[in-house]
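Shown next: coords_4.txt, given as compact mmCIF, C-alpha atoms.
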```txt
# COMPACT_ATOMS: atom_id res chain seq x y z
CA MET G 1 -18.80 133.03 36.96
CA LYS G 2 -15.26 132.17 35.85
CA LEU G 3 -16.04 128.48 35.97
CA TYR G 4 -19.15 129.00 33.83
CA LEU G 5 -17.16 131.04 31.30
CA TYR G 6 -14.50 128.31 31.19
CA PHE G 7 -17.08 125.62 30.36
CA VAL G 8 -18.66 127.79 27.66
CA LEU G 9 -15.30 128.41 25.97
CA SER G 10 -14.37 124.72 26.20
CA PHE G 11 -17.61 123.65 24.51
CA ALA G 12 -17.15 126.32 21.84
CA PHE G 13 -13.59 125.20 21.00
CA ALA G 14 -14.68 121.55 21.00
CA GLY G 15 -17.51 122.36 18.60
CA ILE G 16 -15.11 124.17 16.27
CA HIS G 17 -12.68 121.23 16.34
CA ILE G 18 -15.47 118.72 15.58
CA ALA G 19 -16.76 120.89 12.76
CA ASN G 20 -13.28 121.14 11.22
CA ALA G 21 -12.79 117.39 11.52
CA GLN G 22 -16.16 116.76 9.93
CA THR G 23 -15.31 119.14 7.09
CA SER G 24 -11.98 117.38 6.52
CA ILE G 25 -13.67 113.96 6.35
CA ASP G 26 -16.29 115.27 3.92
CA ASN G 27 -13.50 116.44 1.59
CA ILE G 28 -12.05 112.90 1.28
CA VAL G 29 -13.14 110.88 -1.74
CA GLN G 30 -12.17 107.38 -2.92
CA ILE G 31 -11.73 107.15 -6.68
CA ASN G 32 -12.11 103.75 -8.34
CA GLY G 33 -11.45 103.44 -12.04
CA VAL G 34 -9.72 101.79 -14.94
CA VAL G 35 -7.08 103.09 -17.35
CA MET G 36 -7.69 102.19 -21.01
CA THR G 37 -6.40 103.08 -24.45
CA ALA G 38 -8.40 105.67 -26.36
CA ASP G 39 -8.31 103.90 -29.74
CA SER G 40 -9.02 100.27 -28.85
CA LEU G 41 -10.34 100.45 -25.24
CA ARG G 42 -7.73 98.01 -24.01
CA ALA G 43 -6.41 98.03 -20.47
CA VAL G 44 -3.17 99.91 -19.79
CA PRO G 45 -1.30 97.68 -17.31
CA GLY G 46 1.03 99.26 -14.77
CA ALA G 47 -0.12 102.84 -15.30
CA ILE G 48 1.21 105.26 -12.67
CA ILE G 49 -1.36 107.46 -10.92
CA ILE G 50 0.07 110.15 -8.68
CA VAL G 51 -1.50 113.03 -6.80
CA LYS G 52 0.05 116.13 -8.29
CA ASN G 53 2.24 118.13 -5.88
CA LYS G 54 1.50 115.63 -3.07
CA ASN G 55 4.39 113.16 -3.65
CA ARG G 56 2.23 110.05 -3.38
CA GLY G 57 0.45 107.73 -5.76
CA ILE G 58 -0.26 104.15 -6.82
CA GLU G 59 0.27 101.75 -9.72
CA ALA G 60 -2.64 100.30 -11.66
CA GLU G 61 -3.13 96.53 -11.85
CA TYR G 62 -2.36 94.43 -14.92
CA ASN G 63 -5.95 94.98 -16.10
CA GLY G 64 -5.74 98.76 -15.61
CA VAL G 65 -7.91 98.87 -12.47
CA PHE G 66 -6.88 101.31 -9.72
CA SER G 67 -8.23 102.74 -6.47
CA ILE G 68 -6.90 105.80 -4.65
CA VAL G 69 -8.06 108.09 -1.84
CA VAL G 70 -7.63 111.84 -2.41
CA TYR G 71 -9.07 115.18 -1.35
CA LYS G 72 -11.64 117.00 -3.40
CA GLY G 73 -9.82 119.54 -5.54
CA ASP G 74 -6.68 117.40 -6.00
CA THR G 75 -5.30 116.67 -9.46
CA LEU G 76 -4.49 113.12 -10.57
CA GLN G 77 -1.72 112.59 -13.09
CA PHE G 78 -1.77 109.44 -15.23
CA SER G 79 1.44 108.33 -16.97
CA ASN G 80 2.90 105.22 -18.56
CA VAL G 81 5.70 104.39 -20.97
CA GLY G 82 4.55 104.92 -24.55
CA TYR G 83 1.50 107.06 -23.63
CA ARG G 84 0.89 110.76 -23.27
CA THR G 85 0.50 112.05 -19.73
CA LYS G 86 -3.08 112.85 -18.71
CA GLU G 87 -4.43 114.86 -15.80
CA PHE G 88 -7.78 114.75 -14.03
CA ALA G 89 -8.91 117.45 -11.58
CA VAL G 90 -11.21 116.13 -8.88
CA PRO G 91 -14.15 118.55 -8.61
CA LYS G 92 -14.37 120.41 -5.32
CA ASP G 93 -18.17 120.17 -5.29
CA LEU G 94 -18.17 116.41 -5.93
CA PRO G 95 -21.13 114.86 -4.06
CA GLY G 96 -20.50 111.85 -1.85
CA THR G 97 -17.25 110.12 -0.94
CA TYR G 98 -16.98 107.65 -3.85
CA TYR G 99 -16.35 108.32 -7.53
CA SER G 100 -15.91 105.95 -10.50
CA MET G 101 -14.10 106.92 -13.68
CA ILE G 102 -12.53 105.63 -16.90
CA GLN G 103 -9.33 107.36 -17.92
CA LEU G 104 -8.42 107.10 -21.61
CA MET G 105 -4.78 107.42 -22.66
CA VAL G 106 -3.37 108.08 -26.12
CA GLN G 107 -0.26 106.33 -27.38
CA ASP G 108 2.66 108.64 -27.95
CA THR G 109 5.36 108.47 -30.64
CA PHE G 110 9.02 108.64 -29.68
CA TYR G 111 11.58 109.73 -32.26
CA LEU G 112 14.97 108.16 -31.60
CA PRO G 113 18.17 109.92 -32.62
CA GLU G 114 19.70 109.00 -35.93
CA THR G 115 22.05 106.01 -35.98
CA ILE G 116 24.75 105.75 -38.65
CA ILE G 117 26.40 102.37 -39.25
CA ARG G 118 29.83 102.50 -40.81
CA PRO G 119 32.07 99.57 -41.79
CA LEU G 120 35.46 99.06 -40.23
CA PRO G 121 38.29 100.55 -42.26
CA SER G 122 40.15 97.29 -42.93
CA LYS G 123 40.07 93.53 -42.50
CA GLU G 124 42.75 93.73 -39.82
CA ALA G 125 40.62 96.13 -37.79
CA PHE G 126 37.66 93.74 -38.08
CA ASP G 127 39.78 90.80 -36.90
CA TYR G 128 41.04 92.81 -33.93
CA ALA G 129 37.52 93.93 -33.01
CA PHE G 130 36.15 90.42 -33.38
CA LYS G 131 38.80 89.03 -31.01
CA HIS G 132 39.15 91.78 -28.41
CA TRP G 133 35.94 93.79 -28.24
CA ASP G 134 33.92 93.08 -25.09
CA ILE G 135 30.24 93.14 -26.06
CA PRO G 136 27.99 93.12 -22.98
CA ASN G 137 25.40 90.38 -22.66
CA ASP G 138 21.77 91.17 -23.34
CA GLN G 139 19.03 90.58 -20.79
CA TYR G 140 18.20 87.12 -22.16
CA GLU G 141 21.79 85.94 -21.83
CA VAL G 142 22.08 87.39 -18.32
CA ALA G 143 18.86 85.61 -17.29
CA ARG G 144 20.08 82.34 -18.83
CA LYS G 145 23.34 82.49 -16.86
CA ASN G 146 21.57 83.40 -13.63
CA THR G 147 19.25 80.38 -13.93
CA ASP G 148 21.92 77.86 -14.95
CA VAL G 149 21.37 74.68 -12.96
CA TYR G 150 25.06 74.10 -12.19
CA LEU G 151 25.56 77.71 -11.12
CA LEU G 152 22.56 77.54 -8.79
CA ARG G 153 23.85 74.25 -7.36
CA MET G 154 27.27 75.78 -6.77
CA LEU G 155 25.72 78.80 -5.03
CA ALA G 156 23.62 76.50 -2.86
CA TYR G 157 26.77 74.69 -1.67
CA THR G 158 28.97 77.78 -1.21
CA LEU G 159 26.68 80.53 0.09
CA PRO G 160 26.16 80.62 3.86
CA MET G 161 22.74 79.99 5.31
CA ASP G 162 20.53 82.92 6.16
CA GLY G 163 18.73 83.33 9.47
CA LYS G 164 15.64 81.38 8.45
CA GLU G 165 17.63 78.42 7.11
CA ALA G 166 19.89 78.34 10.19
CA GLN G 167 16.89 78.39 12.51
CA SER G 168 15.19 75.60 10.55
CA ARG G 169 18.33 73.47 10.68
CA GLN G 170 18.68 74.03 14.42
CA LEU G 171 15.04 73.07 15.03
CA ARG G 172 15.38 69.90 12.93
CA GLN G 173 18.51 68.94 14.85
CA GLN G 174 16.75 69.47 18.19
CA ALA G 175 13.78 67.41 17.00
CA ASN G 176 16.06 64.52 15.98
CA GLU G 177 17.83 64.65 19.31
CA ALA G 178 14.50 64.65 21.15
CA VAL G 179 13.42 61.44 19.39
CA TYR G 180 16.34 59.49 20.88
CA TYR G 181 16.41 61.32 24.22
CA GLY G 182 17.69 59.00 26.97
CA GLN G 183 18.98 56.31 24.58
CA ARG G 184 21.77 55.77 22.11
CA PRO G 185 20.86 56.79 18.53
CA PRO G 186 21.04 53.99 15.95
CA MET G 187 24.16 53.52 13.83
CA ASN G 188 23.70 53.20 10.07
CA ILE G 189 26.78 51.03 9.81
CA LEU G 190 24.61 48.15 11.02
CA ASN G 191 21.61 49.12 8.90
CA PRO G 192 20.99 46.50 6.15
CA ILE G 193 18.90 48.94 4.10
CA ALA G 194 21.76 51.45 3.99
CA TRP G 195 24.18 48.69 2.96
CA GLY G 196 21.79 47.61 0.21
CA GLU G 197 21.58 51.14 -1.16
CA PHE G 198 25.38 51.39 -1.04
CA PHE G 199 25.84 48.21 -3.10
CA GLU G 200 23.22 49.33 -5.65
CA ALA G 201 24.98 52.67 -6.06
CA TRP G 202 28.30 50.85 -6.48
CA LYS G 203 26.83 48.65 -9.23
CA ARG G 204 25.40 51.67 -11.05
CA GLY G 205 28.81 53.35 -11.00
CA ASP G 206 27.80 56.36 -8.95
CA TYR G 207 31.24 56.48 -7.31
CA ARG G 208 33.27 56.33 -10.50
CA ARG G 209 35.28 59.38 -11.35
CA LYS G 210 33.94 60.94 -14.53
CA LYS G 211 36.31 62.66 -16.93
CA TYR G 212 34.04 65.65 -17.52
CA ASN G 213 31.70 67.03 -14.93
CA PRO G 214 30.40 70.58 -15.52
CA TYR G 215 29.70 70.98 -11.83
CA ARG G 216 33.33 70.17 -10.96
CA GLN G 217 34.52 72.56 -13.64
CA GLN G 218 32.53 75.43 -12.15
CA MET G 219 33.65 74.62 -8.64
CA LYS G 220 37.32 75.03 -9.66
```
As structure tokens:
Amino acid sequence: MKLYLYFVLSFAFAGIHIANAQTSIDNIVQINGVVMTADSLRAVPGAIIIVKNKNRGIEAEYNGVFSIVVYKGDTLQFSNVGYRTKEFAVPKDLPGTYYSMIQLMVQDTFYLPETIIRPLPSKEAFDYAFKHWDIPNDQYEVARKNTDVYLLRMLAYTLPMDGKEAQSRQLRQQANEAVYYGQRPPMNILNPIAWGEFFEAWKRGDYRRKKYNPYRQQMK
């Protein structure tokens, strides 16, 4: 009798667990949509879609397309710089597990604080400011300096190798050693091709010391 009662209770609890799991799966819905402007129906790239009070979300593609999985009854919050925040409540009685939508966003107006430009009190103050004031570089100037060819070359010579580069160098060295395994590797001092390249470089003046070399100046 006890064994029979045990099996009955086990099947009952298992049925309740399966029913709860099935109910939880039925509440999940995948929302596919696109974020567009309300006035011109243009895509809003990089719009942020978050599930309100759930601390998770996604970012729309450059063409405004997004896809997110939520529970029925959740609230989606759409936001982007220059647009008013919009919210969309997923209906609890939404049929099926897929839903398509188009979210329209309205451009917002930002009022910046007032800026007053005043001249310097005297010519001496202007000369001092022109000589000693440190004006930070804008983003274009910072990008130009970071992509300077001589700076990148200097960093390539001075920075240590990372793990991937060190492993690649070690593998290339082992491969070169395996080619001449059991014999003496050739010496370039007796290589006529290397001597020919050396004489051609000498004629071109590659080994002459130049008075101004930007790369040498940056290395100092």
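Put simply, CA of Phe88 (chain G) is 18.9 Å away from CA of Glu61 (chain G).
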Problem set entry | Distance in Å - CA of Arg204 (chain G) versus CA of Met154 (chain G) |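 Computed distance, CA of Arg204 (chain G) to CA of Met154 (chain G), equals 24.6 Å.
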Exercise. G:Leu159, G:Leu120, G:Ile48, G:Ile193: which is nearest Glu87 (chain G), counting all atoms listed in the file?
Worked result: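 Among the listed residues, the smallest separation from Glu87 (chain G) belongs to G:Ile48.
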Problem set entry | Point-to-point distance from CA of Ala201 (chain G) to CA of Glu177 (chain G), Å rounded to tenths |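 One can read the CA of Ala201 (chain G) to CA of Glu177 (chain G) distance as 29.0 Å.
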Exercise. From the set G:Val179, G:Ile28, G:Ile135, G:Ile58, which residue has the shortest atom-to-atom contact distance to Lys72 (chain G), counting only C-alpha atoms?
Worked result: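 Of all the options, G:Ile28 lies closest to Lys72 (chain G).
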